[in-house]
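Have a look at the structure below, then the notes.
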Amino acid sequence: MKNIFSTRWGIILVGAVIGIGAALLQYFGNPPNMGICVACFERDIAGALGLHRADVVQYLRPEIMGFVLGAFVAALLAGEYKPRGGSSPLIRFFLGVFAMIGALVFLGCPWRTLLRLAGGDGNAILGLAGLIAGIFIGVGFLKNGYSLGRSYAQKKAAGWVFPALMIGLLLLLVFQVSFAPGGPIFFSAKGPGSQHAPLLISLIAGLVIGGLAQRSRFCTMGAFRDVILIRDFHLISGVAALLVFAFIANMLLGQFKPGFEGQPIAHTDHLWNLLGMTLAGLSFVLAGGCPGRQLFLSGEGDMDAAIFATGMIVGAGIAHNFAIASSPKGVAAFGPAAVVIGLLFCLLIGFTQRDKVSA
Amino acid sequence: MSTKKVDARGLSCPQPVVLVDRAISEGHTDLEILVDNEVARENVQRIAGKRGYKTQVRYEGSDMIVNAAKS
């Protein structure tokens with residue numbers, strides 16, 4: 001059976017759906033220029049669970065659960081559900097931690113980088129430049145035989161663990177469970193965490209995008225990587241569609257506000273916007289996917305991707321507990337140091353995890 | 001030149017593609033690539049096609065074998 005979503009027009013369609021979907025989710029209540037942000041939304045989940053106590057960014061984002069469950073169902077229907085794992089899980093966990101730290105110094109994942117750009121936020125140019133720089137460094141490692149080793153088939157039920165966790169989180173949200181007075185579960189009363197589209201709209205958007213992205217293999221990191229590595233423009237046509245259609249939708253909905261100063265949930269520290277996303281981009285290449293793609297892979301049964309996603313959620317806790325995550329006021333006290341440590345970690349992994357080049 | 005075998009099973013994206021591209025740049029005109037998931041199969045076929053190779057796939061259990069030959 002031909003998979004129409006993995007064709008050129010398929011990936012463009014999926015990029016357009018994500019771009020328009022994100023603009024609409026913002027219109028329905030999600031934070032500005034954050035219709036969808038995988039890093040930010042995982043951070044909000046970490047907050048809701050009490051892994052950090054930044055009271056403005058706590059919410060169980062149903063989009064994230066939708067991404068995993070939508071991909072899970074799509075993979076099952078297509079016969080592509082294949083539990084697998086065992087490719088350097090601990091390294092992948094820490095790549096996830098540092099990917100989140102880099103993303104939270106900039107304030108966004110690759111998807112939000114594009115959405116910030118489509119909303120007129122000039123600071124996103126620095127983020128995008130950093131992302132590409134990080135991917136460029138990672139491609140150098142790939143060319144020199146970088147590999148985290150093979151994964152192996154796992155038992156059928158193993159791949160259910162992460163989707164089951166998502167169902168659990170969804171139930172906690174639906175029933176607004178409280179484990180103690182005041183929380184957990186924590187829900188922000190103000191700030192970005194308090195801004196969200198109605199549950200059902202968010203969940204359906206997540207499921208649809210998760211399903212489509214699983215079929216099309218949509219990946220923002222992979223898009224730039226393939227252009228640099230093999231001059232292949234397949235995935236990047238989807239990324240371009242996301243940017244263009246989010247921009248058009250923002251214009252139509254009156255959500256486009258160009259400038260650098262006073263942009264929503266953003267700061268103007270150019271250097272650390274750039275280096276934060278350099279760290280994130282490098283981590284994504286070394287782990288083999290952007291945060292969104294890692295969630296879709298988790299849904300397909302890829303337990304290594306699920307470890308990376310778990311690392312990102314824990315990384316969000318670390319980033320907010322240890323004054324690493326930026327805020328609209330600027331970079332936090334320990335943000336730069338954490339980015340430097342993360343870059344050193346990634347370089348060390350890149351240089352040491354290699355197979356012999358002669359194949 | 002004899003058939004170049006590339007075992008890309010269990011490798012995550014983009015390593016199957018990197019291995020195939022390397023084999024192609026080494027001048028092998030006849031490749032037999034082993035992959036174990038649909039994404040890797042699609043990507044391997046895409047890169048081989050781009051480099052002017054004709055590909056054929058056959059399924060063996062949970063593995064897929066992509067034969068690529070310079071056309």
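Numbering starts fresh at 1 for the residues of each chain in the structure tokens, the chains themselves are lettered A, B, ... in the order given, and ligands are numbered from 1 as they appear.
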task: Can you check which residues of chain B have any atom within 6 Å of chain A? Use only C-alpha atoms and format it as a ChimeraX atom specification.
output: /B:10-11,13
field: Residues within 9 Å of segment 2-8 of chain B, only C-alpha atoms, excluding chain neighbours under 6 positions, as number ranges by chain
entry: A: 150, 359; B: 15-17, 19-20, 23, 28-36, 40
task: Mind checking which residues fall within 8 Å of segment 292-294 of chain A, counting only C-alpha atoms, ignoring those fewer than 2 positions away in the same chain, and posting them as JSON, numbers by chain?
output: {"A": [38, 67, 213, 217, 218, 219, 289, 290, 296, 297, 298, 305, 306, 308, 309]}
Save out the residues we just selected, C-alpha atoms, as a JSON list (two decimals), in the first residue's frame.
[["chain", "number", "residue", "atom", "x", "y", "z"],
["A", 38, "VAL", "CA", 6.50, 20.44, 22.39],
["A", 67, "PHE", "CA", 0.63, 13.38, 19.74],
["A", 213, "ALA", "CA", 3.01, 13.13, 11.62],
["A", 217, "ARG", "CA", 7.62, 11.19, 9.36],
["A", 218, "PHE", "CA", 7.45, 14.97, 9.88],
["A", 219, "CYS", "CA", 10.60, 16.18, 11.69],
["A", 289, "GLY", "CA", 14.73, 13.56, 16.09],
["A", 290, "CYS", "CA", 13.15, 16.83, 17.16],
["A", 296, "PHE", "CA", 5.56, 10.21, 17.45],
["A", 297, "LEU", "CA", 8.30, 7.56, 17.56],
["A", 298, "SER", "CA", 7.34, 6.81, 21.17],
["A", 305, "ALA", "CA", 12.53, 7.91, 21.86],
["A", 306, "ALA", "CA", 10.30, 7.59, 24.93],
["A", 308, "PHE", "CA", 14.44, 10.96, 25.36],
["A", 309, "ALA", "CA", 10.97, 12.45, 25.90]]
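Residues in contact with Gly211 of chain A at 7 Å, where only C-alpha atoms are counted and same-chain residues fewer than 3 positions away are skipped, are listed as Gly70, Ala71, Ala74, Leu207, Val208, Gln214 and Arg215 of chain A.
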File dump, residues just selected, N, CA and C atoms, as a PDB file, in the first residue's frame:
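Dumped everything to out38.pdb:
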ATOM      1  N   GLY A  70      -2.147   9.589  19.081  1.00  0.00           N
ATOM      2  CA  GLY A  70      -2.483   9.654  17.651  1.00  0.00           C
ATOM      3  C   GLY A  70      -1.484   8.853  16.829  1.00  0.00           C
ATOM      4  N   ALA A  71      -0.201   8.998  17.153  1.00  0.00           N
ATOM      5  CA  ALA A  71       0.834   8.254  16.445  1.00  0.00           C
ATOM      6  C   ALA A  71       0.702   6.759  16.733  1.00  0.00           C
ATOM      7  N   ALA A  74      -2.212   5.440  14.672  1.00  0.00           N
ATOM      8  CA  ALA A  74      -1.842   5.434  13.248  1.00  0.00           C
ATOM      9  C   ALA A  74      -0.865   4.302  12.949  1.00  0.00           C
ATOM     10  N   LEU A 207      -4.327  14.557  18.513  1.00  0.00           N
ATOM     11  CA  LEU A 207      -4.523  13.237  17.903  1.00  0.00           C
ATOM     12  C   LEU A 207      -4.351  13.293  16.386  1.00  0.00           C
ATOM     13  N   VAL A 208      -4.964  14.308  15.768  1.00  0.00           N
ATOM     14  CA  VAL A 208      -4.885  14.430  14.306  1.00  0.00           C
ATOM     15  C   VAL A 208      -3.432  14.654  13.876  1.00  0.00           C
ATOM     16  N   GLN A 214       2.942  10.775  12.238  1.00  0.00           N
ATOM     17  CA  GLN A 214       3.467   9.401  12.220  1.00  0.00           C
ATOM     18  C   GLN A 214       3.524   8.897  10.774  1.00  0.00           C
ATOM     19  N   ARG A 215       2.459   9.150  10.017  1.00  0.00           N
ATOM     20  CA  ARG A 215       2.412   8.668   8.638  1.00  0.00           C
ATOM     21  C   ARG A 215       3.443   9.376   7.757  1.00  0.00           C
TER      22      ARG A 215
END
- request: Compile the contact shell of Leu165 of chain A as JSON, numbers by chain: residues with an atom at most 9 Å away, counting only C-alpha atoms, same-chain residues fewer than 5 positions apart removed.
  value: {"A": [65, 160, 170]}
Filtered DSSP result for segment 80-125 of chain A, state alpha helix (DSSP H), as number ranges by chain: A: 89-106, 110-118, 123-125
message: One number please: atom CA of Val340 of chain A to atom CA of Ile324 of chain A, in Å, one decimal.
response: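 That distance, rounded to one decimal, is 11.6 Å.
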message: I need the residues in chain B that are strand (DSSP E or B) according to DSSP; give them as a PyMOL selection string.
response: chain B and resi 4-7+30-35+53-60+63-70
